[in-house]
Amino acid sequence: MKAKDYLKKSYEELNKELDVLQEKLMEERVKLKIGTKDDKKNQIRNVKRNIARILTVISQKKRDELAKSIIKK
């Protein structure tokens, strides 16, 4: 998913998506260690990138809200 798509979502949706992706990352790592998936390293990389995108969007939203609250004062 693109970062633009994540910007449209609310905090709750982002947190749910983050939880799902973190669980998926854990499952993929376990499968890689066990040896059932040997050619899926790209999938792990993509999941990690999506997690980073979500965390970036969450921090941007928090920063924007903080800036708006400071300006209102």
# chains A, B, ... in the order shown; residues from 1 in each chain; ligands from 1

$ residues_around --residues "stretch 20-24 of chain A" --least-positions-apart "6" --cutoff "12 Å" --atoms "only C-alpha atoms" --output "PyMOL selection string"
chain A and resi 1+13-14+30-31+43-55

$ select_by_dssp --residues "chain A" --states "alpha helix (DSSP H)" --output "PyMOL selection string"
chain A and resi 3-7+11-34+41-72

$ write_last_selection --atoms "C-alpha atoms" --output "PDB file, in the first residue's frame"
ATOM      1  CA  ALA A   3       1.727   6.160   1.976  1.00  0.00           C
ATOM      2  CA  LYS A   4      -0.992   8.303   0.374  1.00  0.00           C
ATOM      3  CA  ASP A   5      -3.502   5.553   1.084  1.00  0.00           C
ATOM      4  CA  TYR A   6      -2.464   5.422   4.721  1.00  0.00           C
ATOM      5  CA  LEU A   7      -2.868   9.192   5.087  1.00  0.00           C
ATOM      6  CA  TYR A  11      -5.714   6.285  13.920  1.00  0.00           C
ATOM      7  CA  GLU A  12      -7.836   3.248  14.729  1.00  0.00           C
ATOM      8  CA  GLU A  13      -7.573   1.881  11.212  1.00  0.00           C
ATOM      9  CA  LEU A  14      -3.834   2.512  11.139  1.00  0.00           C
ATOM     10  CA  ASN A  15      -3.316   0.770  14.475  1.00  0.00           C
ATOM     11  CA  LYS A  16      -5.357  -2.242  13.335  1.00  0.00           C
ATOM     12  CA  GLU A  17      -3.372  -2.427  10.100  1.00  0.00           C
ATOM     13  CA  LEU A  18      -0.137  -2.125  12.086  1.00  0.00           C
ATOM     14  CA  ASP A  19      -1.124  -5.026  14.349  1.00  0.00           C
ATOM     15  CA  VAL A  20      -2.008  -7.193  11.356  1.00  0.00           C
ATOM     16  CA  LEU A  21       1.280  -6.425   9.619  1.00  0.00           C
ATOM     17  CA  GLN A  22       3.333  -7.087  12.750  1.00  0.00           C
ATOM     18  CA  GLU A  23       1.664 -10.479  13.157  1.00  0.00           C
ATOM     19  CA  LYS A  24       2.275 -11.240   9.485  1.00  0.00           C
ATOM     20  CA  LEU A  25       5.936 -10.281   9.858  1.00  0.00           C
ATOM     21  CA  MET A  26       6.318 -12.589  12.832  1.00  0.00           C
ATOM     22  CA  GLU A  27       4.692 -15.467  10.935  1.00  0.00           C
ATOM     23  CA  GLU A  28       6.906 -14.922   7.897  1.00  0.00           C
ATOM     24  CA  ARG A  29      10.049 -14.836  10.037  1.00  0.00           C
ATOM     25  CA  VAL A  30       9.064 -18.082  11.747  1.00  0.00           C
ATOM     26  CA  LYS A  31       8.388 -19.727   8.387  1.00  0.00           C
ATOM     27  CA  LEU A  32      11.755 -18.533   7.121  1.00  0.00           C
ATOM     28  CA  LYS A  33      13.575 -19.922  10.183  1.00  0.00           C
ATOM     29  CA  ILE A  34      11.769 -23.242   9.970  1.00  0.00           C
ATOM     30  CA  LYS A  41      12.530 -12.650   1.709  1.00  0.00           C
ATOM     31  CA  ASN A  42      11.009  -9.996  -0.542  1.00  0.00           C
ATOM     32  CA  GLN A  43       7.689 -10.448   1.216  1.00  0.00           C
ATOM     33  CA  ILE A  44       9.335  -9.837   4.598  1.00  0.00           C
ATOM     34  CA  ARG A  45      10.955  -6.705   3.207  1.00  0.00           C
ATOM     35  CA  ASN A  46       7.622  -5.424   1.887  1.00  0.00           C
ATOM     36  CA  VAL A  47       5.884  -6.026   5.211  1.00  0.00           C
ATOM     37  CA  LYS A  48       8.646  -4.174   7.057  1.00  0.00           C
ATOM     38  CA  ARG A  49       8.351  -1.262   4.638  1.00  0.00           C
ATOM     39  CA  ASN A  50       4.590  -1.080   5.117  1.00  0.00           C
ATOM     40  CA  ILE A  51       5.068  -1.074   8.892  1.00  0.00           C
ATOM     41  CA  ALA A  52       7.522   1.808   8.523  1.00  0.00           C
ATOM     42  CA  ARG A  53       5.063   3.683   6.312  1.00  0.00           C
ATOM     43  CA  ILE A  54       2.288   3.315   8.872  1.00  0.00           C
ATOM     44  CA  LEU A  55       4.523   4.443  11.729  1.00  0.00           C
ATOM     45  CA  THR A  56       5.619   7.455   9.682  1.00  0.00           C
ATOM     46  CA  VAL A  57       2.031   8.453   8.918  1.00  0.00           C
ATOM     47  CA  ILE A  58       1.056   8.083  12.580  1.00  0.00           C
ATOM     48  CA  SER A  59       3.925  10.322  13.687  1.00  0.00           C
ATOM     49  CA  GLN A  60       3.069  12.878  10.986  1.00  0.00           C
ATOM     50  CA  LYS A  61      -0.541  12.999  12.129  1.00  0.00           C
ATOM     51  CA  LYS A  62       0.508  13.435  15.760  1.00  0.00           C
ATOM     52  CA  ARG A  63       2.920  16.199  14.792  1.00  0.00           C
ATOM     53  CA  ASP A  64       0.232  17.985  12.761  1.00  0.00           C
ATOM     54  CA  GLU A  65      -2.272  17.785  15.621  1.00  0.00           C
ATOM     55  CA  LEU A  66       0.299  19.133  18.055  1.00  0.00           C
ATOM     56  CA  ALA A  67       1.112  22.015  15.730  1.00  0.00           C
ATOM     57  CA  LYS A  68      -2.586  22.839  15.327  1.00  0.00           C
ATOM     58  CA  SER A  69      -3.125  22.820  19.088  1.00  0.00           C
ATOM     59  CA  ILE A  70      -0.146  25.131  19.631  1.00  0.00           C
ATOM     60  CA  ILE A  71      -1.352  27.544  16.957  1.00  0.00           C
ATOM     61  CA  LYS A  72      -4.827  27.691  18.529  1.00  0.00           C
TER      62      LYS A  72
END
